Amino acid sequence: MKFKRVLIKISGEALAGGKKTGYDFDLISEVCAVLKQAADQGAQIGVVIGGGNFWRGVKDGAGKVERVSADRMGMLATCMNCLAVCDVLRQLGAKARVMTAVDIMGVGERYDTRRAIEYLEAGEIVLFAGGSGLPFFSTDTAAALRAAEIHADAILLAKNIDGVYDDDPRKNANAVKFDRISYGEVLARRLAVMDTTATAIAMENSIPAAVFALANPVNILRVLDGENVGTIVE
């Protein structure tokens, strides 16, 4: 494998598939089967999942719910998603556990960097729930932060889009996809890869990111094997 230890960021919306909200368990089962296969082959996998299939923090709460409360609601949505994915992984026979950024009894173990690395080295898939545990920071930032903390070789960004484009391909049919692009250019062009804070963390810690479509979960294995899937940001 080109990448031994990775942090996979999955958007909440991706878990919903075509339903847009809630869960598409057929898709989740496919994703979990691929994660188990990767772990069985020796990959060390940490996972951060967004909450957009239920609640997108300030984007959903703007003007209705105060920012701190809205962001904390988003953190709870990520906990729901991590519990769902963890349970499917276990049903498939994978070793998996949830670690939370804040204390939530019964949901998961409180996140600790040293213990997380120990679990990864023991072959467990670790799902990092609750974002960073702080309002005003997205799950993109949480993913970059956890990747830096666990010394990940790469961040895998599994999205509803198959790479990084110079414009929104859903609105512009002439948008051009990049095979490779630098973090500096991403920031200069304000491209929608990760938010600015997350991009800066990844850039400063020299962690490359692979952006690809989750619609075909096997893309995860292809990226781990070094295939040129989607877009590489470095």
# chains A, B, ... in the order shown; residues from 1 in each chain; ligands from 1
$ closest_atom_pairs --of "region 30-106 of chain A" --to "region 124-130 of chain A" --cutoff "9 Å" --atoms "only C-alpha atoms" --output "JSON lines"
{"residue": "A:Leu35", "atom": "CA", "partner": "A:Ile125", "partner_atom": "CA", "distance": 8.1}
{"residue": "A:Lys36", "atom": "CA", "partner": "A:Ile125", "partner_atom": "CA", "distance": 8.1}
{"residue": "A:Ala39", "atom": "CA", "partner": "A:Ile125", "partner_atom": "CA", "distance": 7.3}
{"residue": "A:Gln44", "atom": "CA", "partner": "A:Ile125", "partner_atom": "CA", "distance": 7.0}
{"residue": "A:Ile45", "atom": "CA", "partner": "A:Ile125", "partner_atom": "CA", "distance": 5.2}
{"residue": "A:Gly46", "atom": "CA", "partner": "A:Val126", "partner_atom": "CA", "distance": 4.8}
{"residue": "A:Val47", "atom": "CA", "partner": "A:Leu127", "partner_atom": "CA", "distance": 4.7}
{"residue": "A:Val48", "atom": "CA", "partner": "A:Phe128", "partner_atom": "CA", "distance": 5.2}
{"residue": "A:Ile49", "atom": "CA", "partner": "A:Ala129", "partner_atom": "CA", "distance": 7.2}
{"residue": "A:Gly50", "atom": "CA", "partner": "A:Ala129", "partner_atom": "CA", "distance": 8.9}
{"residue": "A:Arg72", "atom": "CA", "partner": "A:Gly130", "partner_atom": "CA", "distance": 8.3}
{"residue": "A:Gly74", "atom": "CA", "partner": "A:Gly130", "partner_atom": "CA", "distance": 8.0}
{"residue": "A:Met75", "atom": "CA", "partner": "A:Gly130", "partner_atom": "CA", "distance": 4.4}
{"residue": "A:Leu76", "atom": "CA", "partner": "A:Gly130", "partner_atom": "CA", "distance": 6.2}
{"residue": "A:Ala77", "atom": "CA", "partner": "A:Gly130", "partner_atom": "CA", "distance": 8.0}
{"residue": "A:Thr78", "atom": "CA", "partner": "A:Ala129", "partner_atom": "CA", "distance": 5.7}
{"residue": "A:Cys79", "atom": "CA", "partner": "A:Ala129", "partner_atom": "CA", "distance": 4.9}
{"residue": "A:Met80", "atom": "CA", "partner": "A:Ala129", "partner_atom": "CA", "distance": 8.4}
{"residue": "A:Asn81", "atom": "CA", "partner": "A:Ala129", "partner_atom": "CA", "distance": 8.2}
{"residue": "A:Cys82", "atom": "CA", "partner": "A:Leu127", "partner_atom": "CA", "distance": 6.0}
{"residue": "A:Leu83", "atom": "CA", "partner": "A:Leu127", "partner_atom": "CA", "distance": 8.5}
{"residue": "A:Val85", "atom": "CA", "partner": "A:Leu127", "partner_atom": "CA", "distance": 8.5}
{"residue": "A:Cys86", "atom": "CA", "partner": "A:Leu127", "partner_atom": "CA", "distance": 7.2}
{"residue": "A:Leu89", "atom": "CA", "partner": "A:Ile125", "partner_atom": "CA", "distance": 8.7}
{"residue": "A:Ala94", "atom": "CA", "partner": "A:Glu124", "partner_atom": "CA", "distance": 7.6}
{"residue": "A:Lys95", "atom": "CA", "partner": "A:Glu124", "partner_atom": "CA", "distance": 4.9}
{"residue": "A:Ala96", "atom": "CA", "partner": "A:Ile125", "partner_atom": "CA", "distance": 4.5}
{"residue": "A:Arg97", "atom": "CA", "partner": "A:Val126", "partner_atom": "CA", "distance": 5.3}
{"residue": "A:Val98", "atom": "CA", "partner": "A:Leu127", "partner_atom": "CA", "distance": 4.8}
{"residue": "A:Met99", "atom": "CA", "partner": "A:Phe128", "partner_atom": "CA", "distance": 5.1}
{"residue": "A:Thr100", "atom": "CA", "partner": "A:Ala129", "partner_atom": "CA", "distance": 4.6}
{"residue": "A:Ala101", "atom": "CA", "partner": "A:Gly130", "partner_atom": "CA", "distance": 5.1}
{"residue": "A:Val102", "atom": "CA", "partner": "A:Gly130", "partner_atom": "CA", "distance": 6.7}
$ write_last_selection --atoms "N, CA and C atoms" --output "compact mmCIF listing (two decimals), in the first residue's frame"
# COMPACT_ATOMS: atom_id res chain seq x y z
N LEU A 35 -13.86 -0.87 3.94
CA LEU A 35 -13.00 -0.49 5.08
C LEU A 35 -12.46 -1.74 5.78
N LYS A 36 -13.30 -2.73 5.97
CA LYS A 36 -12.85 -3.98 6.59
C LYS A 36 -11.79 -4.65 5.74
N ALA A 39 -8.56 -2.83 6.17
CA ALA A 39 -7.97 -3.12 7.48
C ALA A 39 -7.38 -4.53 7.51
N GLN A 44 -4.17 1.01 8.44
CA GLN A 44 -4.62 1.54 9.72
C GLN A 44 -5.55 2.71 9.42
N ILE A 45 -6.80 2.59 9.87
CA ILE A 45 -7.85 3.49 9.38
C ILE A 45 -8.54 4.24 10.51
N GLY A 46 -8.44 5.55 10.44
CA GLY A 46 -9.24 6.42 11.29
C GLY A 46 -10.31 7.06 10.41
N VAL A 47 -11.47 7.32 10.98
CA VAL A 47 -12.59 7.86 10.20
C VAL A 47 -13.22 9.04 10.92
N VAL A 48 -13.44 10.12 10.19
CA VAL A 48 -14.24 11.25 10.67
C VAL A 48 -15.43 11.37 9.73
N ILE A 49 -16.62 11.47 10.31
CA ILE A 49 -17.84 11.56 9.50
C ILE A 49 -18.54 12.88 9.81
N GLY A 50 -18.97 13.56 8.77
CA GLY A 50 -19.74 14.79 8.96
C GLY A 50 -21.15 14.48 9.44
N ARG A 72 -22.89 22.53 18.21
CA ARG A 72 -22.94 21.36 19.09
C ARG A 72 -23.99 20.36 18.61
N GLY A 74 -24.57 19.83 15.53
CA GLY A 74 -23.85 19.15 14.45
C GLY A 74 -22.91 18.08 14.99
N MET A 75 -22.26 18.36 16.12
CA MET A 75 -21.39 17.36 16.74
C MET A 75 -22.17 16.11 17.12
N LEU A 76 -23.39 16.31 17.65
CA LEU A 76 -24.22 15.17 18.02
C LEU A 76 -24.61 14.36 16.78
N ALA A 77 -24.85 15.05 15.66
CA ALA A 77 -25.16 14.33 14.42
C ALA A 77 -24.00 13.44 14.00
N THR A 78 -22.77 13.91 14.18
CA THR A 78 -21.62 13.08 13.82
C THR A 78 -21.52 11.86 14.72
N CYS A 79 -21.93 11.99 15.97
CA CYS A 79 -21.93 10.84 16.89
C CYS A 79 -22.92 9.78 16.41
N MET A 80 -24.10 10.21 15.98
CA MET A 80 -25.09 9.28 15.45
C MET A 80 -24.51 8.53 14.25
N ASN A 81 -23.85 9.25 13.37
CA ASN A 81 -23.29 8.63 12.17
C ASN A 81 -22.18 7.64 12.51
N CYS A 82 -21.32 8.01 13.45
CA CYS A 82 -20.23 7.11 13.83
C CYS A 82 -20.78 5.84 14.48
N LEU A 83 -21.82 5.96 15.31
CA LEU A 83 -22.43 4.78 15.92
C LEU A 83 -23.01 3.86 14.85
N VAL A 85 -22.18 3.60 11.60
CA VAL A 85 -21.12 2.98 10.80
C VAL A 85 -20.35 1.95 11.62
N CYS A 86 -20.09 2.25 12.87
CA CYS A 86 -19.37 1.32 13.75
C CYS A 86 -20.15 0.02 13.89
N LEU A 89 -19.89 -2.04 10.73
CA LEU A 89 -18.54 -2.63 10.68
C LEU A 89 -18.46 -3.87 11.55
N ALA A 94 -15.59 -6.71 11.51
CA ALA A 94 -14.44 -5.83 11.69
C ALA A 94 -14.31 -5.41 13.16
N LYS A 95 -13.08 -5.12 13.56
CA LYS A 95 -12.85 -4.55 14.88
C LYS A 95 -12.95 -3.03 14.74
N ALA A 96 -13.88 -2.43 15.46
CA ALA A 96 -14.10 -0.99 15.33
C ALA A 96 -14.55 -0.42 16.66
N ARG A 97 -14.24 0.86 16.85
CA ARG A 97 -14.69 1.54 18.07
C ARG A 97 -14.89 3.01 17.78
N VAL A 98 -15.73 3.64 18.63
CA VAL A 98 -16.00 5.07 18.53
C VAL A 98 -15.25 5.78 19.65
N MET A 99 -14.55 6.85 19.29
CA MET A 99 -13.93 7.73 20.28
C MET A 99 -14.56 9.11 20.10
N THR A 100 -14.91 9.75 21.19
CA THR A 100 -15.62 11.03 21.11
C THR A 100 -14.74 12.19 21.57
N ALA A 101 -14.96 13.34 20.96
CA ALA A 101 -14.18 14.54 21.29
C ALA A 101 -14.63 15.15 22.62
N VAL A 102 -15.83 14.80 23.05
CA VAL A 102 -16.35 15.24 24.35
C VAL A 102 -16.91 14.02 25.06
$ select_by_dssp --residues "region 6-208 of chain A" --states "helix (DSSP H, G or I)" --output "ChimeraX atom specification"
/A:12-19,25-40,58-61,67-91,113-121,139-149,183-189,196-204
$ closest_residue --among "A:Val164, A:Phe137, A:Leu224, A:Arg180" --to "Gln41 (chain A)" --atoms "only C-alpha atoms"
A:Leu224
$ residues_around --residues "Leu15 (chain A)" --least-positions-apart "2" --cutoff "8 Å" --atoms "only C-alpha atoms" --output "PyMOL selection string"
chain A and resi 10-13+17+22-25+27-28+53
$ write_last_selection --atoms "all heavy atoms" --output "CSV table (one decimal), in the first residue's frame"
chain,number,residue,atom,x,y,z
A,10,ILE,N,-15.6,11.2,5.6
A,10,ILE,CA,-16.8,10.9,4.9
A,10,ILE,C,-17.8,12.0,5.2
A,10,ILE,O,-18.1,12.2,6.4
A,10,ILE,CB,-17.3,9.5,5.2
A,10,ILE,CG1,-16.2,8.5,4.9
A,10,ILE,CG2,-18.6,9.2,4.4
A,10,ILE,CD1,-16.6,7.1,5.4
A,11,SER,N,-18.4,12.6,4.2
A,11,SER,CA,-19.4,13.6,4.5
A,11,SER,C,-20.7,12.9,4.9
A,11,SER,O,-21.0,11.8,4.5
A,11,SER,CB,-19.7,14.4,3.2
A,11,SER,OG,-20.3,13.6,2.2
A,12,GLY,N,-21.5,13.5,5.8
A,12,GLY,CA,-22.7,13.0,6.2
A,12,GLY,C,-23.7,12.8,5.1
A,12,GLY,O,-24.4,11.8,5.0
A,13,GLU,N,-23.7,13.8,4.1
A,13,GLU,CA,-24.5,13.7,3.0
A,13,GLU,C,-24.2,12.4,2.1
A,13,GLU,O,-25.1,11.8,1.5
A,13,GLU,CB,-24.4,14.9,2.1
A,13,GLU,CG,-24.9,16.2,2.7
A,13,GLU,CD,-23.9,17.0,3.5
A,13,GLU,OE1,-22.9,16.3,3.9
A,13,GLU,OE2,-24.0,18.2,3.6
A,17,GLY,N,-26.7,8.9,0.5
A,17,GLY,CA,-26.8,8.5,-0.8
A,17,GLY,C,-27.8,9.4,-1.6
A,17,GLY,O,-27.8,10.6,-1.3
A,22,GLY,N,-30.8,11.2,6.3
A,22,GLY,CA,-30.9,9.9,6.9
A,22,GLY,C,-29.8,9.0,6.3
A,22,GLY,O,-28.7,9.4,6.1
A,23,TYR,N,-30.1,7.7,6.2
A,23,TYR,CA,-29.1,6.7,5.8
A,23,TYR,C,-29.5,5.9,4.6
A,23,TYR,O,-30.6,5.5,4.5
A,23,TYR,CB,-28.8,5.7,7.0
A,23,TYR,CG,-28.2,6.4,8.2
A,23,TYR,CD1,-28.9,6.3,9.4
A,23,TYR,CD2,-27.0,7.0,8.2
A,23,TYR,CE1,-28.4,6.8,10.6
A,23,TYR,CE2,-26.5,7.6,9.4
A,23,TYR,CZ,-27.2,7.5,10.6
A,23,TYR,OH,-26.7,8.1,11.7
A,24,ASP,N,-28.5,5.6,3.8
A,24,ASP,CA,-28.6,4.6,2.7
A,24,ASP,C,-27.8,3.4,3.2
A,24,ASP,O,-26.6,3.4,3.0
A,24,ASP,CB,-28.1,5.2,1.4
A,24,ASP,CG,-28.2,4.2,0.3
A,24,ASP,OD1,-28.3,2.9,0.5
A,24,ASP,OD2,-28.2,4.6,-0.9
A,25,PHE,N,-28.4,2.5,3.9
A,25,PHE,CA,-27.7,1.4,4.5
A,25,PHE,C,-27.0,0.4,3.5
A,25,PHE,O,-26.1,-0.2,3.8
A,25,PHE,CB,-28.5,0.6,5.5
A,25,PHE,CG,-28.5,1.3,6.9
A,25,PHE,CD1,-29.7,2.0,7.3
A,25,PHE,CD2,-27.4,1.3,7.7
A,25,PHE,CE1,-29.7,2.6,8.5
A,25,PHE,CE2,-27.5,1.9,8.9
A,25,PHE,CZ,-28.6,2.6,9.3
A,27,LEU,N,-25.5,1.5,0.8
A,27,LEU,CA,-24.2,2.2,0.5
A,27,LEU,C,-23.3,2.1,1.7
A,27,LEU,O,-22.1,1.8,1.6
A,27,LEU,CB,-24.5,3.7,0.2
A,27,LEU,CG,-23.2,4.5,0.0
A,27,LEU,CD1,-22.3,4.0,-1.1
A,27,LEU,CD2,-23.6,6.0,-0.2
A,28,ILE,N,-23.8,2.3,2.9
A,28,ILE,CA,-23.0,2.2,4.1
A,28,ILE,C,-22.4,0.8,4.2
A,28,ILE,O,-21.2,0.6,4.6
A,28,ILE,CB,-23.8,2.5,5.4
A,28,ILE,CG1,-24.2,4.0,5.3
A,28,ILE,CG2,-23.0,2.2,6.6
A,28,ILE,CD1,-25.1,4.5,6.4
A,53,ASN,N,-26.1,14.9,6.9
A,53,ASN,CA,-27.4,14.1,6.6
A,53,ASN,C,-28.5,14.4,7.6
A,53,ASN,O,-29.6,14.0,7.4
A,53,ASN,CB,-27.1,12.6,6.5
A,53,ASN,CG,-26.3,12.1,7.6
A,53,ASN,OD1,-25.5,12.7,8.2
A,53,ASN,ND2,-26.6,10.8,7.9
$ atom_distance --atom1 "CA of Ile201 (chain A)" --atom2 "CA of Val68 (chain A)"
22.5 Å
$ closest_residue --among "A:Ile117, A:Val34, A:Gly230, A:Gly63" --to "Ala147 (chain A)" --atoms "only C-alpha atoms"
A:Ile117
$ closest_residue --among "A:Lys9, A:Lys4, A:Lys19, A:Lys171" --to "His151 (chain A)" --atoms "only C-alpha atoms"
A:Lys4
$ atom_distance --atom1 "CA of Asp26 (chain A)" --atom2 "CA of Asp140 (chain A)"
24.9 Å
$ residues_around --residues "Asn219 (chain A)" --least-positions-apart "4" --cutoff "12 Å" --atoms "only C-alpha atoms" --output "mmCIF file with N, CA, C and O atoms, in the first residue's frame"
data_model
loop_
_atom_site.group_PDB
_atom_site.id
_atom_site.type_symbol
_atom_site.label_atom_id
_atom_site.label_comp_id
_atom_site.auth_asym_id
_atom_site.auth_seq_id
_atom_site.Cartn_x
_atom_site.Cartn_y
_atom_site.Cartn_z
ATOM 1 N N ILE A 8 -9.795 8.879 6.967
ATOM 2 C CA ILE A 8 -10.823 8.997 5.944
ATOM 3 C C ILE A 8 -11.916 9.928 6.429
ATOM 4 O O ILE A 8 -12.498 9.718 7.496
ATOM 5 N N GLU A 30 -21.667 -1.259 1.814
ATOM 6 C CA GLU A 30 -20.609 -1.363 0.811
ATOM 7 C C GLU A 30 -19.342 -0.669 1.294
ATOM 8 O O GLU A 30 -18.237 -1.197 1.154
ATOM 9 N N VAL A 31 -19.504 0.526 1.864
ATOM 10 C CA VAL A 31 -18.352 1.282 2.364
ATOM 11 C C VAL A 31 -17.669 0.511 3.488
ATOM 12 O O VAL A 31 -16.443 0.374 3.518
ATOM 13 N N VAL A 34 -15.585 -2.407 2.357
ATOM 14 C CA VAL A 34 -14.301 -1.974 1.807
ATOM 15 C C VAL A 34 -13.344 -1.573 2.931
ATOM 16 O O VAL A 34 -12.148 -1.910 2.897
ATOM 17 N N LEU A 35 -13.858 -0.873 3.942
ATOM 18 C CA LEU A 35 -13.003 -0.494 5.077
ATOM 19 C C LEU A 35 -12.460 -1.736 5.778
ATOM 20 O O LEU A 35 -11.283 -1.782 6.154
ATOM 21 N N ALA A 38 -9.736 -3.263 3.649
ATOM 22 C CA ALA A 38 -8.495 -2.488 3.755
ATOM 23 C C ALA A 38 -7.784 -2.773 5.075
ATOM 24 O O ALA A 38 -6.561 -2.939 5.119
ATOM 25 N N LEU A 156 -8.015 10.951 3.227
ATOM 26 C CA LEU A 156 -8.856 10.525 2.113
ATOM 27 C C LEU A 156 -10.203 11.210 2.247
ATOM 28 O O LEU A 156 -10.926 10.985 3.227
ATOM 29 N N LEU A 157 -10.527 12.068 1.291
ATOM 30 C CA LEU A 157 -11.775 12.829 1.330
ATOM 31 C C LEU A 157 -12.792 12.178 0.406
ATOM 32 O O LEU A 157 -12.754 12.345 -0.817
ATOM 33 N N ALA A 158 -13.688 11.387 0.994
ATOM 34 C CA ALA A 158 -14.711 10.674 0.233
ATOM 35 C C ALA A 158 -15.943 11.561 0.128
ATOM 36 O O ALA A 158 -16.616 11.832 1.119
ATOM 37 N N LYS A 159 -16.234 12.002 -1.097
ATOM 38 C CA LYS A 159 -17.276 13.006 -1.292
ATOM 39 C C LYS A 159 -18.342 12.544 -2.282
ATOM 40 O O LYS A 159 -18.293 11.420 -2.798
ATOM 41 N N ASP A 162 -16.266 13.681 -7.725
ATOM 42 C CA ASP A 162 -15.150 12.780 -8.008
ATOM 43 C C ASP A 162 -13.780 13.440 -8.053
ATOM 44 O O ASP A 162 -12.830 12.865 -8.597
ATOM 45 N N GLY A 163 -13.639 14.617 -7.502
ATOM 46 C CA GLY A 163 -12.336 15.265 -7.468
ATOM 47 C C GLY A 163 -12.462 16.756 -7.241
ATOM 48 O O GLY A 163 -13.519 17.258 -6.851
ATOM 49 N N ALA A 210 -6.358 12.968 -0.754
ATOM 50 C CA ALA A 210 -6.928 12.400 -1.977
ATOM 51 C C ALA A 210 -8.422 12.667 -1.967
ATOM 52 O O ALA A 210 -9.110 12.306 -1.010
ATOM 53 N N VAL A 211 -8.909 13.316 -3.002
ATOM 54 C CA VAL A 211 -10.326 13.665 -3.106
ATOM 55 C C VAL A 211 -10.953 12.779 -4.184
ATOM 56 O O VAL A 211 -10.499 12.771 -5.323
ATOM 57 N N PHE A 212 -11.994 12.036 -3.819
ATOM 58 C CA PHE A 212 -12.586 11.085 -4.760
ATOM 59 C C PHE A 212 -14.050 10.856 -4.418
ATOM 60 O O PHE A 212 -14.528 11.265 -3.347
ATOM 61 N N ALA A 213 -14.755 10.174 -5.314
ATOM 62 C CA ALA A 213 -16.182 9.931 -5.123
ATOM 63 C C ALA A 213 -16.414 8.677 -4.288
ATOM 64 O O ALA A 213 -15.822 7.628 -4.541
ATOM 65 N N LEU A 214 -17.297 8.787 -3.302
ATOM 66 C CA LEU A 214 -17.649 7.637 -2.473
ATOM 67 C C LEU A 214 -18.681 6.749 -3.157
ATOM 68 O O LEU A 214 -18.910 5.625 -2.712
ATOM 69 N N ALA A 215 -19.278 7.230 -4.237
ATOM 70 C CA ALA A 215 -20.313 6.443 -4.925
ATOM 71 C C ALA A 215 -19.801 5.059 -5.291
ATOM 72 O O ALA A 215 -20.563 4.090 -5.293
ATOM 73 N N VAL A 223 -7.154 4.157 -3.905
ATOM 74 C CA VAL A 223 -6.315 5.249 -3.405
ATOM 75 C C VAL A 223 -5.219 4.695 -2.498
ATOM 76 O O VAL A 223 -4.052 5.098 -2.592
ATOM 77 N N LEU A 224 -5.569 3.774 -1.619
ATOM 78 C CA LEU A 224 -4.579 3.176 -0.724
ATOM 79 C C LEU A 224 -3.461 2.488 -1.507
ATOM 80 O O LEU A 224 -2.299 2.488 -1.091
ATOM 81 N N ASP A 225 -3.810 1.923 -2.656
ATOM 82 C CA ASP A 225 -2.817 1.229 -3.486
ATOM 83 C C ASP A 225 -2.019 2.183 -4.373
ATOM 84 O O ASP A 225 -1.140 1.747 -5.121
ATOM 85 N N GLY A 226 -2.346 3.485 -4.299
ATOM 86 C CA GLY A 226 -1.572 4.462 -5.047
ATOM 87 C C GLY A 226 -2.092 4.772 -6.419
ATOM 88 O O GLY A 226 -1.413 5.454 -7.202
ATOM 89 N N GLU A 227 -3.293 4.260 -6.777
ATOM 90 C CA GLU A 227 -3.851 4.584 -8.085
ATOM 91 C C GLU A 227 -4.238 6.054 -8.144
ATOM 92 O O GLU A 227 -4.596 6.662 -7.126
ATOM 93 N N ASN A 228 -4.183 6.607 -9.343
ATOM 94 C CA ASN A 228 -4.499 8.011 -9.536
ATOM 95 C C ASN A 228 -6.021 8.185 -9.683
ATOM 96 O O ASN A 228 -6.564 8.288 -10.769
ATOM 97 N N VAL A 229 -6.690 8.201 -8.542
ATOM 98 C CA VAL A 229 -8.146 8.315 -8.507
ATOM 99 C C VAL A 229 -8.518 9.716 -8.026
ATOM 100 O O VAL A 229 -7.987 10.201 -7.035
ATOM 101 N N GLY A 230 -9.418 10.377 -8.729
ATOM 102 C CA GLY A 230 -9.848 11.707 -8.288
ATOM 103 C C GLY A 230 -8.728 12.723 -8.407
ATOM 104 O O GLY A 230 -8.072 12.841 -9.442
ATOM 105 N N THR A 231 -8.494 13.453 -7.308
ATOM 106 C CA THR A 231 -7.472 14.509 -7.288
ATOM 107 C C THR A 231 -6.584 14.367 -6.061
ATOM 108 O O THR A 231 -7.076 14.098 -4.959
#
$ closest_residue --among "A:Val186, A:Leu92, A:Ile150, A:Met105" --to "Tyr119 (chain A)" --atoms "only C-alpha atoms"
A:Ile150
$ closest_residue --among "A:Val233, A:Ala192, A:Arg114, A:Thr139" --to "Phe178 (chain A)" --atoms "only C-alpha atoms"
A:Val233
$ closest_residue --among "A:Gly42, A:Pro169, A:Gly51, A:Gly106" --to "Phe3 (chain A)" --atoms "only C-alpha atoms"
A:Gly42
